[in-house]
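Here's the structure, in structure tokens; my notes come after.
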Amino acid sequence: MAIGSLPNTEWLEGSGLTVGDGLVCDEFGAATPGVYGAGDVAWWHNPLFGTRMRIEHRTNAAEQGVAAARNLLTPKARKPFAPVPYFWSDQYGMKIQAYGYLRGHDEATVVEGDLASRRFVTAYRSRGRLTGVLAGVLAVGMPPKAIRAWRQSVALRVAWREVVSAARAA
Ligand SMILES: Cc1cc2nc3c(=O)[nH]c(=O)nc-3n(C[C@H](O)[C@H](O)[C@H](O)COP(=O)(O)OP(=O)(O)OC[C@H]3O[C@@H](n4cnc5c(N)ncnc54)[C@H](O)[C@@H]3O)c2cc1C
């Protein structure tokens, strides 16, 4: 059961920083020129997906911390933080892994395996265009290499029709 969570941002009240669904940061992770956000608290603009996101995953906290430190230390050579978000978790003997942004999607379809065997990869279609693009994939009970192959497709935001036809061909 997922009960949801809220970022603990009360301590930022009165700081002059803007808080929405977390600390509002730009694509470089900056809340102001000298203040950066990283991890669960950061609500930053991910240019790869063209949207603001706040990711509550261990991997993202580590990668975003490194990116924020780099941008703070090299202000003239800052790079946007534009990852394909990734997480894994072991729940009741099952490995769950995901790449991409799995919120606000229009459609989810099993592209490998099947639900009955509890081993599957599900692809998520995002809204926007006529046929949509691949927004992310989630795997349950699959080895890491089974889902790793999808990472590039998520990064490239491939057309949904390609995802469906690849699944049919498999
Ligand atoms: C039950 C649970 C299970 C999870 N399972 C997974 C999983 O399987 N896979 C996965 O990828 N992610 C998982 N996560 C999410 C993952 O733990 C977080 O995304 C990650 O820890 C975020 O790191 P962070 O450094 O941003 O924040 P945190 O790890 O929350 O660190 C923030 C720190 O700031 C401190 N702090 C807060 N306020 C103040 C203040 N005013 N002054 C000083 N210090 C302060 C806190 O005490 C804390 O130590 C899970 C989270 C929970 C709660």
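Here's how to read the names in the structure tokens: chain A, B, ... by the order shown, residue numbers from 1 in each chain, ligand numbers from 1 in the order shown.
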Check your understanding: What are the DSSP strand (DSSP E or B) residues of segment 117-162 of chain A, as a PyMOL selection string?
Key -> chain A and resi 119-126+133-140+159
Once you have the residues from the selection above, write them out as a short mmCIF file (atom, residue, chain, number, x, y, z; two decimals), in the first residue's frame, restricted to all heavy atoms.
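In the end it all went to out-v3.cif:
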```cif
data_model
loop_
_atom_site.label_atom_id
_atom_site.label_comp_id
_atom_site.auth_asym_id
_atom_site.auth_seq_id
_atom_site.Cartn_x
_atom_site.Cartn_y
_atom_site.Cartn_z
N ARG A 119 6.40 -11.79 -13.29
CA ARG A 119 7.67 -11.38 -13.92
C ARG A 119 7.29 -10.61 -15.18
O ARG A 119 6.81 -11.20 -16.15
CB ARG A 119 8.50 -12.61 -14.32
CG ARG A 119 9.12 -13.34 -13.13
CD ARG A 119 9.68 -14.69 -13.57
NE ARG A 119 10.62 -14.56 -14.69
CZ ARG A 119 11.90 -14.27 -14.54
NH1 ARG A 119 12.41 -14.09 -13.34
NH2 ARG A 119 12.69 -14.17 -15.56
N PHE A 120 7.47 -9.31 -15.14
CA PHE A 120 7.02 -8.53 -16.31
C PHE A 120 7.70 -7.16 -16.36
O PHE A 120 8.26 -6.69 -15.36
CB PHE A 120 5.50 -8.34 -16.27
CG PHE A 120 4.98 -7.66 -15.04
CD1 PHE A 120 4.90 -6.28 -14.98
CD2 PHE A 120 4.59 -8.41 -13.94
CE1 PHE A 120 4.43 -5.66 -13.84
CE2 PHE A 120 4.12 -7.79 -12.78
CZ PHE A 120 4.04 -6.41 -12.73
N VAL A 121 7.65 -6.58 -17.55
CA VAL A 121 8.06 -5.18 -17.75
C VAL A 121 6.84 -4.44 -18.28
O VAL A 121 6.18 -4.90 -19.22
CB VAL A 121 9.22 -5.04 -18.77
CG1 VAL A 121 9.56 -3.57 -18.99
CG2 VAL A 121 10.45 -5.82 -18.32
N THR A 122 6.52 -3.32 -17.65
CA THR A 122 5.40 -2.50 -18.10
C THR A 122 5.94 -1.18 -18.64
O THR A 122 6.80 -0.57 -18.02
CB THR A 122 4.44 -2.21 -16.93
OG1 THR A 122 4.00 -3.44 -16.39
CG2 THR A 122 3.24 -1.41 -17.38
N ALA A 123 5.43 -0.77 -19.80
CA ALA A 123 5.82 0.51 -20.38
C ALA A 123 4.71 1.53 -20.14
O ALA A 123 3.53 1.18 -20.14
CB ALA A 123 6.09 0.35 -21.87
N TYR A 124 5.12 2.78 -19.94
CA TYR A 124 4.16 3.86 -19.66
C TYR A 124 4.18 4.88 -20.78
O TYR A 124 5.25 5.35 -21.18
CB TYR A 124 4.52 4.55 -18.34
CG TYR A 124 4.31 3.66 -17.14
CD1 TYR A 124 5.25 2.66 -16.83
CD2 TYR A 124 3.19 3.78 -16.33
CE1 TYR A 124 5.06 1.83 -15.74
CE2 TYR A 124 2.99 2.95 -15.25
CZ TYR A 124 3.93 1.98 -14.95
OH TYR A 124 3.74 1.16 -13.87
N ARG A 125 3.00 5.22 -21.26
CA ARG A 125 2.89 6.22 -22.34
C ARG A 125 2.50 7.56 -21.73
O ARG A 125 1.59 7.65 -20.91
CB ARG A 125 1.79 5.80 -23.33
CG ARG A 125 1.54 6.82 -24.43
CD ARG A 125 0.59 6.26 -25.48
NE ARG A 125 -0.78 6.11 -25.00
CZ ARG A 125 -1.69 7.08 -25.01
NH1 ARG A 125 -1.39 8.29 -25.44
NH2 ARG A 125 -2.91 6.85 -24.57
N SER A 126 3.22 8.60 -22.14
CA SER A 126 2.88 9.92 -21.62
C SER A 126 1.96 10.63 -22.59
O SER A 126 1.87 10.31 -23.76
CB SER A 126 4.15 10.75 -21.40
OG SER A 126 4.66 11.18 -22.63
N VAL A 133 4.55 9.25 -26.30
CA VAL A 133 5.94 8.78 -26.25
C VAL A 133 6.13 7.93 -25.01
O VAL A 133 5.33 7.97 -24.07
CB VAL A 133 6.94 9.96 -26.22
CG1 VAL A 133 6.91 10.75 -27.50
CG2 VAL A 133 6.69 10.85 -25.02
N LEU A 134 7.22 7.17 -25.01
CA LEU A 134 7.55 6.34 -23.86
C LEU A 134 8.02 7.23 -22.72
O LEU A 134 8.99 7.96 -22.86
CB LEU A 134 8.64 5.34 -24.25
CG LEU A 134 9.12 4.39 -23.16
CD1 LEU A 134 7.99 3.46 -22.71
CD2 LEU A 134 10.31 3.58 -23.65
N ALA A 135 7.32 7.16 -21.58
CA ALA A 135 7.68 8.00 -20.43
C ALA A 135 8.53 7.23 -19.43
O ALA A 135 9.31 7.82 -18.69
CB ALA A 135 6.44 8.52 -19.74
N GLY A 136 8.35 5.89 -19.41
CA GLY A 136 9.10 5.11 -18.44
C GLY A 136 8.74 3.65 -18.52
O GLY A 136 7.79 3.26 -19.21
N VAL A 137 9.53 2.85 -17.80
CA VAL A 137 9.26 1.41 -17.73
C VAL A 137 9.44 0.95 -16.29
O VAL A 137 10.26 1.49 -15.55
CB VAL A 137 10.20 0.59 -18.64
CG1 VAL A 137 9.86 0.75 -20.09
CG2 VAL A 137 11.65 0.93 -18.38
N LEU A 138 8.65 -0.04 -15.92
CA LEU A 138 8.75 -0.62 -14.58
C LEU A 138 8.80 -2.13 -14.71
O LEU A 138 8.01 -2.71 -15.46
CB LEU A 138 7.55 -0.18 -13.73
CG LEU A 138 7.54 -0.76 -12.31
CD1 LEU A 138 7.31 0.36 -11.31
CD2 LEU A 138 6.46 -1.81 -12.15
N ALA A 139 9.76 -2.75 -14.01
CA ALA A 139 9.89 -4.20 -14.08
C ALA A 139 9.68 -4.81 -12.70
O ALA A 139 10.10 -4.25 -11.70
CB ALA A 139 11.28 -4.57 -14.60
N VAL A 140 9.04 -5.93 -12.68
CA VAL A 140 8.86 -6.70 -11.44
C VAL A 140 9.38 -8.11 -11.68
O VAL A 140 9.03 -8.73 -12.69
CB VAL A 140 7.37 -6.74 -11.03
CG1 VAL A 140 7.17 -7.66 -9.82
CG2 VAL A 140 6.86 -5.35 -10.71
N ALA A 159 8.78 6.99 -29.81
CA ALA A 159 7.34 7.03 -30.08
C ALA A 159 6.67 5.78 -29.54
O ALA A 159 7.23 4.68 -29.60
CB ALA A 159 7.10 7.15 -31.58
#
```
Please produce, as a tab-separated table, a per-residue contact table for chain A versus ligand 1 (criterion: any atom at most 6 Å away, only C-alpha atoms and all ligand atoms considered), showing the nearest atom pair and its distance in Å to one decimal, sorted by chain then residue number.
```
residue	atom	partner	partner_atom_place_in_ligand_line	distance
A:Trp11	CA	ligand 1	41 (N)	5.5
A:Gly39	CA	ligand 1	26 (O)	3.3
A:Asp40	CA	ligand 1	26 (O)	3.9
A:Val41	CA	ligand 1	26 (O)	6.0
A:Glu56	CA	ligand 1	19 (O)	3.8
A:His57	CA	ligand 1	19 (O)	3.5
A:Arg58	CA	ligand 1	11 (O)	3.8
A:Thr59	CA	ligand 1	11 (O)	5.7
A:Ala61	CA	ligand 1	26 (O)	4.9
A:Phe87	CA	ligand 1	11 (O)	4.5
A:Trp88	CA	ligand 1	9 (N)	5.2
A:Ser89	CA	ligand 1	8 (O)	3.7
```
For N, CA, C and O atoms, I'd like the residues from the last selection saved as a PDB file, in the first residue's frame.
```pdb
ATOM      1  N   TRP A  11      11.080  24.090   7.584  1.00  0.00           N
ATOM      2  CA  TRP A  11      12.253  24.824   8.070  1.00  0.00           C
ATOM      3  C   TRP A  11      12.746  25.883   7.077  1.00  0.00           C
ATOM      4  O   TRP A  11      13.543  26.752   7.424  1.00  0.00           O
ATOM      5  N   GLY A  39      18.080  15.686  -4.004  1.00  0.00           N
ATOM      6  CA  GLY A  39      17.401  14.611  -3.281  1.00  0.00           C
ATOM      7  C   GLY A  39      15.908  14.851  -3.137  1.00  0.00           C
ATOM      8  O   GLY A  39      15.297  15.609  -3.905  1.00  0.00           O
ATOM      9  N   ASP A  40      15.328  14.204  -2.150  1.00  0.00           N
ATOM     10  CA  ASP A  40      13.878  14.220  -1.971  1.00  0.00           C
ATOM     11  C   ASP A  40      13.287  15.629  -1.919  1.00  0.00           C
ATOM     12  O   ASP A  40      12.141  15.845  -2.307  1.00  0.00           O
ATOM     13  N   VAL A  41      14.059  16.571  -1.409  1.00  0.00           N
ATOM     14  CA  VAL A  41      13.503  17.912  -1.176  1.00  0.00           C
ATOM     15  C   VAL A  41      13.439  18.762  -2.448  1.00  0.00           C
ATOM     16  O   VAL A  41      12.676  19.725  -2.512  1.00  0.00           O
ATOM     17  N   GLU A  56      11.750  10.735  -5.224  1.00  0.00           N
ATOM     18  CA  GLU A  56      12.099  10.165  -3.911  1.00  0.00           C
ATOM     19  C   GLU A  56      12.765   8.804  -4.095  1.00  0.00           C
ATOM     20  O   GLU A  56      12.195   7.761  -3.748  1.00  0.00           O
ATOM     21  N   HIS A  57      13.941   8.833  -4.701  1.00  0.00           N
ATOM     22  CA  HIS A  57      14.699   7.601  -4.913  1.00  0.00           C
ATOM     23  C   HIS A  57      16.131   7.825  -4.463  1.00  0.00           C
ATOM     24  O   HIS A  57      16.712   8.885  -4.675  1.00  0.00           O
ATOM     25  N   ARG A  58      16.685   6.784  -3.902  1.00  0.00           N
ATOM     26  CA  ARG A  58      18.053   6.796  -3.410  1.00  0.00           C
ATOM     27  C   ARG A  58      19.052   7.196  -4.504  1.00  0.00           C
ATOM     28  O   ARG A  58      19.925   8.021  -4.288  1.00  0.00           O
ATOM     29  N   THR A  59      18.929   6.588  -5.688  1.00  0.00           N
ATOM     30  CA  THR A  59      19.883   6.847  -6.775  1.00  0.00           C
ATOM     31  C   THR A  59      19.851   8.318  -7.163  1.00  0.00           C
ATOM     32  O   THR A  59      20.885   8.941  -7.381  1.00  0.00           O
ATOM     33  N   ALA A  61      18.957  10.878  -5.329  1.00  0.00           N
ATOM     34  CA  ALA A  61      19.539  11.728  -4.277  1.00  0.00           C
ATOM     35  C   ALA A  61      21.058  11.775  -4.419  1.00  0.00           C
ATOM     36  O   ALA A  61      21.669  12.843  -4.304  1.00  0.00           O
ATOM     37  N   PHE A  87      15.069   3.736 -10.102  1.00  0.00           N
ATOM     38  CA  PHE A  87      15.069   3.200  -8.741  1.00  0.00           C
ATOM     39  C   PHE A  87      14.941   1.697  -8.775  1.00  0.00           C
ATOM     40  O   PHE A  87      14.504   1.113  -9.754  1.00  0.00           O
ATOM     41  N   TRP A  88      15.372   1.076  -7.692  1.00  0.00           N
ATOM     42  CA  TRP A  88      15.119  -0.342  -7.495  1.00  0.00           C
ATOM     43  C   TRP A  88      14.746  -0.539  -6.049  1.00  0.00           C
ATOM     44  O   TRP A  88      15.076   0.270  -5.171  1.00  0.00           O
ATOM     45  N   SER A  89      14.012  -1.591  -5.804  1.00  0.00           N
ATOM     46  CA  SER A  89      13.601  -1.914  -4.447  1.00  0.00           C
ATOM     47  C   SER A  89      13.329  -3.407  -4.387  1.00  0.00           C
ATOM     48  O   SER A  89      12.883  -3.992  -5.384  1.00  0.00           O
TER      49      SER A  89
END
```
Practice item. Find, counting only C-alpha atoms, the residue in A:Ser165, A:Gln152, A:Asn71, A:Asn8 that gets nearest to Asp21 of chain A. Key: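 Under the stated criterion, the closest residue is A:Asn8.
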Check your understanding: What separation in Å, quoted to one decimal, exists between atom CA of Ala62 of chain A and atom CA of Ala38 of chain A?
Key ->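 Between these atoms lies a distance of 8.2 Å.
Checking A:Trp150, A:Gly4, A:Cys25, A:Ala108 one by one against Ala68 of chain A, counting only C-alpha atoms, you find the shortest gap at A:Cys25.
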12 Å contact set for Leu73 of chain A, only C-alpha atoms, chain neighbours under 6 positions out, as a JSON list (two decimals) with N, CA, C and O atoms, in the first residue's frame:
```json
[["chain", "number", "residue", "atom", "x", "y", "z"],
["A", 33, "PRO", "N", 21.29, 31.61, -6.97],
["A", 33, "PRO", "CA", 22.64, 31.37, -7.49],
["A", 33, "PRO", "C", 23.56, 30.63, -6.52],
["A", 33, "PRO", "O", 24.41, 29.86, -6.93],
["A", 34, "GLY", "N", 23.39, 30.80, -5.23],
["A", 34, "GLY", "CA", 24.31, 30.15, -4.29],
["A", 34, "GLY", "C", 23.70, 29.02, -3.49],
["A", 34, "GLY", "O", 24.35, 28.44, -2.62],
["A", 35, "VAL", "N", 22.42, 28.69, -3.76],
["A", 35, "VAL", "CA", 21.76, 27.64, -2.99],
["A", 35, "VAL", "C", 21.22, 26.58, -3.94],
["A", 35, "VAL", "O", 20.46, 26.90, -4.87],
["A", 36, "TYR", "N", 21.63, 25.34, -3.72],
["A", 36, "TYR", "CA", 21.19, 24.24, -4.59],
["A", 36, "TYR", "C", 20.40, 23.22, -3.79],
["A", 36, "TYR", "O", 20.63, 23.03, -2.59],
["A", 66, "VAL", "N", 25.75, 15.00, -6.41],
["A", 66, "VAL", "CA", 27.01, 15.16, -7.16],
["A", 66, "VAL", "C", 26.88, 16.30, -8.17],
["A", 66, "VAL", "O", 27.75, 17.16, -8.29],
["A", 67, "ALA", "N", 25.74, 16.31, -8.88],
["A", 67, "ALA", "CA", 25.52, 17.35, -9.91],
["A", 67, "ALA", "C", 25.46, 18.74, -9.27],
["A", 67, "ALA", "O", 26.02, 19.70, -9.80],
["A", 79, "LYS", "N", 26.15, 22.40, -15.73],
["A", 79, "LYS", "CA", 25.44, 21.50, -16.63],
["A", 79, "LYS", "C", 24.05, 21.24, -16.06],
["A", 79, "LYS", "O", 23.92, 21.04, -14.84]]
```
Exercise for review: Measuring atom to atom with only C-alpha atoms, identify which of A:Ser5, A:Ser15, A:Thr74, A:Ser153 is nearest to Ala31 of chain A.
Suggested key: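 Selected residue with least distance to Ala31 of chain A: A:Ser15.
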**Study point:** One-decimal distance in Å that lies between atom CA of Arg148 of chain A and atom CA of Thr109 of chain A
**Key:** 17.6 Å
Study note, to complete from the structure: Min atom-atom distance to Ala167 of chain A from the set A:Gly104, A:Pro75, A:Glu112, A:Ala42, counting only C-alpha atoms, belongs to A:Glu112
Step one, run DSSP on the backbone; step two, keep only residues of segment 9-137 of chain A assigned to helix (DSSP H, G or I); then write them as an mmCIF file with all heavy atoms, in the first residue's frame.
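Below you can see part.cif, which holds the result:
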```
data_model
loop_
_atom_site.group_PDB
_atom_site.id
_atom_site.type_symbol
_atom_site.label_atom_id
_atom_site.label_comp_id
_atom_site.auth_asym_id
_atom_site.auth_seq_id
_atom_site.Cartn_x
_atom_site.Cartn_y
_atom_site.Cartn_z
ATOM 1 N N GLU A 10 9.151 22.807 6.090
ATOM 2 C CA GLU A 10 8.742 23.891 6.996
ATOM 3 C C GLU A 10 9.931 24.753 7.424
ATOM 4 O O GLU A 10 9.804 25.959 7.606
ATOM 5 C CB GLU A 10 8.055 23.325 8.254
ATOM 6 C CG GLU A 10 6.712 22.681 7.993
ATOM 7 C CD GLU A 10 6.829 21.216 7.617
ATOM 8 O OE1 GLU A 10 7.954 20.765 7.247
ATOM 9 O OE2 GLU A 10 5.809 20.513 7.665
ATOM 10 N N TRP A 11 11.080 24.090 7.584
ATOM 11 C CA TRP A 11 12.253 24.824 8.070
ATOM 12 C C TRP A 11 12.746 25.883 7.077
ATOM 13 O O TRP A 11 13.543 26.752 7.424
ATOM 14 C CB TRP A 11 13.377 23.851 8.411
ATOM 15 C CG TRP A 11 13.897 23.064 7.245
ATOM 16 C CD1 TRP A 11 13.297 22.014 6.654
ATOM 17 C CD2 TRP A 11 15.106 23.288 6.530
ATOM 18 N NE1 TRP A 11 14.053 21.549 5.609
ATOM 19 C CE2 TRP A 11 15.171 22.315 5.522
ATOM 20 C CE3 TRP A 11 16.149 24.216 6.656
ATOM 21 C CZ2 TRP A 11 16.228 22.251 4.624
ATOM 22 C CZ3 TRP A 11 17.210 24.144 5.765
ATOM 23 C CH2 TRP A 11 17.239 23.170 4.766
ATOM 24 N N LEU A 12 12.242 25.804 5.842
ATOM 25 C CA LEU A 12 12.654 26.792 4.837
ATOM 26 C C LEU A 12 11.787 28.050 4.872
ATOM 27 O O LEU A 12 12.081 29.031 4.188
ATOM 28 C CB LEU A 12 12.586 26.164 3.436
ATOM 29 C CG LEU A 12 13.633 25.087 3.153
ATOM 30 C CD1 LEU A 12 13.337 24.379 1.843
ATOM 31 C CD2 LEU A 12 15.027 25.697 3.132
ATOM 32 N N GLY A 39 18.080 15.686 -4.004
ATOM 33 C CA GLY A 39 17.401 14.611 -3.281
ATOM 34 C C GLY A 39 15.908 14.851 -3.137
ATOM 35 O O GLY A 39 15.297 15.609 -3.905
ATOM 36 N N ASP A 40 15.328 14.204 -2.150
ATOM 37 C CA ASP A 40 13.878 14.220 -1.971
ATOM 38 C C ASP A 40 13.287 15.629 -1.919
ATOM 39 O O ASP A 40 12.141 15.845 -2.307
ATOM 40 C CB ASP A 40 13.498 13.516 -0.659
ATOM 41 C CG ASP A 40 13.572 12.002 -0.753
ATOM 42 O OD1 ASP A 40 14.166 11.496 -1.727
ATOM 43 O OD2 ASP A 40 13.029 11.340 0.150
ATOM 44 N N VAL A 41 14.059 16.571 -1.409
ATOM 45 C CA VAL A 41 13.503 17.912 -1.176
ATOM 46 C C VAL A 41 13.439 18.762 -2.448
ATOM 47 O O VAL A 41 12.676 19.725 -2.512
ATOM 48 C CB VAL A 41 14.326 18.645 -0.077
ATOM 49 C CG1 VAL A 41 15.631 19.201 -0.637
ATOM 50 C CG2 VAL A 41 13.522 19.744 0.579
ATOM 51 N N ARG A 58 16.685 6.784 -3.902
ATOM 52 C CA ARG A 58 18.053 6.796 -3.410
ATOM 53 C C ARG A 58 19.052 7.196 -4.504
ATOM 54 O O ARG A 58 19.925 8.021 -4.288
ATOM 55 C CB ARG A 58 18.370 5.377 -2.969
ATOM 56 C CG ARG A 58 19.189 5.220 -1.789
ATOM 57 C CD ARG A 58 19.159 3.737 -1.425
ATOM 58 N NE ARG A 58 18.175 3.499 -0.394
ATOM 59 C CZ ARG A 58 18.470 3.475 0.887
ATOM 60 N NH1 ARG A 58 19.697 3.657 1.271
ATOM 61 N NH2 ARG A 58 17.548 3.258 1.795
ATOM 62 N N THR A 59 18.929 6.588 -5.688
ATOM 63 C CA THR A 59 19.883 6.847 -6.775
ATOM 64 C C THR A 59 19.851 8.318 -7.163
ATOM 65 O O THR A 59 20.885 8.941 -7.381
ATOM 66 C CB THR A 59 19.521 6.002 -8.015
ATOM 67 O OG1 THR A 59 19.147 4.718 -7.585
ATOM 68 C CG2 THR A 59 20.658 5.928 -8.992
ATOM 69 N N ASN A 60 18.642 8.863 -7.246
ATOM 70 C CA ASN A 60 18.522 10.259 -7.646
ATOM 71 C C ASN A 60 19.157 11.187 -6.616
ATOM 72 O O ASN A 60 19.830 12.159 -6.976
ATOM 73 C CB ASN A 60 17.051 10.638 -7.839
ATOM 74 C CG ASN A 60 16.899 12.023 -8.421
ATOM 75 O OD1 ASN A 60 17.204 12.250 -9.578
ATOM 76 N ND2 ASN A 60 16.484 12.979 -7.609
ATOM 77 N N ALA A 61 18.957 10.878 -5.329
ATOM 78 C CA ALA A 61 19.539 11.728 -4.277
ATOM 79 C C ALA A 61 21.058 11.775 -4.419
ATOM 80 O O ALA A 61 21.669 12.843 -4.304
ATOM 81 C CB ALA A 61 19.131 11.206 -2.909
ATOM 82 N N ALA A 62 21.657 10.620 -4.711
ATOM 83 C CA ALA A 62 23.114 10.566 -4.836
ATOM 84 C C ALA A 62 23.580 11.316 -6.095
ATOM 85 O O ALA A 62 24.498 12.142 -6.031
ATOM 86 C CB ALA A 62 23.573 9.113 -4.887
ATOM 87 N N GLU A 63 22.924 11.039 -7.227
ATOM 88 C CA GLU A 63 23.361 11.665 -8.491
ATOM 89 C C GLU A 63 23.127 13.179 -8.477
ATOM 90 O O GLU A 63 23.938 13.949 -8.977
ATOM 91 C CB GLU A 63 22.613 11.034 -9.672
ATOM 92 C CG GLU A 63 23.017 9.591 -9.924
ATOM 93 C CD GLU A 63 22.183 8.933 -11.021
ATOM 94 O OE1 GLU A 63 21.216 9.559 -11.501
ATOM 95 O OE2 GLU A 63 22.509 7.784 -11.369
ATOM 96 N N GLN A 64 22.004 13.576 -7.907
ATOM 97 C CA GLN A 64 21.687 15.010 -7.894
ATOM 98 C C GLN A 64 22.611 15.759 -6.938
ATOM 99 O O GLN A 64 22.959 16.918 -7.192
ATOM 100 C CB GLN A 64 20.221 15.210 -7.486
ATOM 101 C CG GLN A 64 19.668 16.559 -7.870
ATOM 102 C CD GLN A 64 18.160 16.611 -7.760
ATOM 103 O OE1 GLN A 64 17.532 15.772 -7.097
ATOM 104 N NE2 GLN A 64 17.558 17.590 -8.400
ATOM 105 N N GLY A 65 23.025 15.086 -5.865
ATOM 106 C CA GLY A 65 23.977 15.698 -4.948
ATOM 107 C C GLY A 65 25.315 15.967 -5.633
ATOM 108 O O GLY A 65 25.897 17.045 -5.479
ATOM 109 N N VAL A 66 25.754 14.996 -6.413
ATOM 110 C CA VAL A 66 27.014 15.156 -7.159
ATOM 111 C C VAL A 66 26.876 16.297 -8.172
ATOM 112 O O VAL A 66 27.753 17.160 -8.295
ATOM 113 C CB VAL A 66 27.386 13.845 -7.886
ATOM 114 C CG1 VAL A 66 28.555 14.057 -8.835
ATOM 115 C CG2 VAL A 66 27.716 12.757 -6.870
ATOM 116 N N ALA A 67 25.741 16.309 -8.885
ATOM 117 C CA ALA A 67 25.519 17.347 -9.911
ATOM 118 C C ALA A 67 25.460 18.737 -9.271
ATOM 119 O O ALA A 67 26.023 19.703 -9.805
ATOM 120 C CB ALA A 67 24.234 17.053 -10.679
ATOM 121 N N ALA A 68 24.790 18.838 -8.130
ATOM 122 C CA ALA A 68 24.676 20.135 -7.450
ATOM 123 C C ALA A 68 26.049 20.614 -6.993
ATOM 124 O O ALA A 68 26.399 21.788 -7.172
ATOM 125 C CB ALA A 68 23.731 20.013 -6.256
ATOM 126 N N ALA A 69 26.842 19.689 -6.436
ATOM 127 C CA ALA A 69 28.183 20.064 -5.965
ATOM 128 C C ALA A 69 29.037 20.547 -7.132
ATOM 129 O O ALA A 69 29.747 21.557 -7.040
ATOM 130 C CB ALA A 69 28.841 18.874 -5.273
ATOM 131 N N ARG A 70 28.941 19.811 -8.274
ATOM 132 C CA ARG A 70 29.741 20.193 -9.436
ATOM 133 C C ARG A 70 29.351 21.594 -9.929
ATOM 134 O O ARG A 70 30.214 22.420 -10.221
ATOM 135 C CB ARG A 70 29.545 19.162 -10.546
ATOM 136 C CG ARG A 70 30.562 19.282 -11.658
ATOM 137 C CD ARG A 70 30.296 18.331 -12.808
ATOM 138 N NE ARG A 70 30.437 16.945 -12.430
ATOM 139 C CZ ARG A 70 29.484 16.014 -12.565
ATOM 140 N NH1 ARG A 70 28.309 16.344 -13.060
ATOM 141 N NH2 ARG A 70 29.702 14.770 -12.237
ATOM 142 N N ASN A 71 28.065 21.850 -9.995
ATOM 143 C CA ASN A 71 27.609 23.159 -10.475
ATOM 144 C C ASN A 71 27.962 24.282 -9.502
ATOM 145 O O ASN A 71 28.256 25.411 -9.922
ATOM 146 C CB ASN A 71 26.101 23.128 -10.733
ATOM 147 C CG ASN A 71 25.771 22.422 -12.041
ATOM 148 O OD1 ASN A 71 26.636 22.269 -12.901
ATOM 149 N ND2 ASN A 71 24.537 21.976 -12.194
ATOM 150 N N LEU A 72 27.940 23.970 -8.215
ATOM 151 C CA LEU A 72 28.330 24.985 -7.228
ATOM 152 C C LEU A 72 29.806 25.329 -7.344
ATOM 153 O O LEU A 72 30.204 26.483 -7.218
ATOM 154 C CB LEU A 72 28.063 24.451 -5.813
ATOM 155 C CG LEU A 72 26.766 24.863 -5.132
ATOM 156 C CD1 LEU A 72 26.576 24.058 -3.857
ATOM 157 C CD2 LEU A 72 26.778 26.352 -4.804
ATOM 158 N N LEU A 73 30.616 24.295 -7.625
ATOM 159 C CA LEU A 73 32.065 24.502 -7.666
ATOM 160 C C LEU A 73 32.556 25.062 -8.996
ATOM 161 O O LEU A 73 33.647 25.628 -9.071
ATOM 162 C CB LEU A 73 32.792 23.178 -7.368
ATOM 163 C CG LEU A 73 32.602 22.653 -5.939
ATOM 164 C CD1 LEU A 73 33.123 21.237 -5.810
ATOM 165 C CD2 LEU A 73 33.291 23.567 -4.939
ATOM 166 N N PRO A 75 30.810 27.383 -11.402
ATOM 167 C CA PRO A 75 29.658 28.193 -11.824
ATOM 168 C C PRO A 75 29.690 28.617 -13.295
ATOM 169 O O PRO A 75 28.637 28.882 -13.868
ATOM 170 C CB PRO A 75 29.702 29.403 -10.882
ATOM 171 C CG PRO A 75 31.064 29.399 -10.273
ATOM 172 C CD PRO A 75 31.560 28.003 -10.296
ATOM 173 N N LYS A 76 30.883 28.625 -13.904
ATOM 174 C CA LYS A 76 30.948 29.047 -15.311
ATOM 175 C C LYS A 76 30.778 27.882 -16.272
ATOM 176 O O LYS A 76 30.729 28.084 -17.485
ATOM 177 C CB LYS A 76 32.277 29.747 -15.577
ATOM 178 C CG LYS A 76 32.334 31.104 -14.918
ATOM 179 C CD LYS A 76 33.586 31.853 -15.273
ATOM 180 C CE LYS A 76 33.561 33.223 -14.583
ATOM 181 N NZ LYS A 76 34.885 33.778 -14.444
ATOM 182 N N ALA A 77 30.726 26.676 -15.756
ATOM 183 C CA ALA A 77 30.567 25.498 -16.634
ATOM 184 C C ALA A 77 29.447 24.595 -16.105
ATOM 185 O O ALA A 77 29.589 23.381 -16.067
ATOM 186 C CB ALA A 77 31.895 24.737 -16.709
#
```
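Candidate residues A:Val24, A:Val163, A:Leu115, A:Ala2 were compared for distance to Gly141 of chain A, and the nearest is A:Leu115, using only C-alpha atoms.
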Exercise for review: Provide the atom CA of Lys145 of chain A to atom CA of Pro80 of chain A distance in Å, to one decimal place.
Suggested key: 27.4 Å
Review point. Neighbours of Arg52 of chain A within 9 Å (only C-alpha atoms; same-chain residues fewer than 4 positions away dropped), as a ChimeraX atom specification?
Key: /A:24-27,43-47
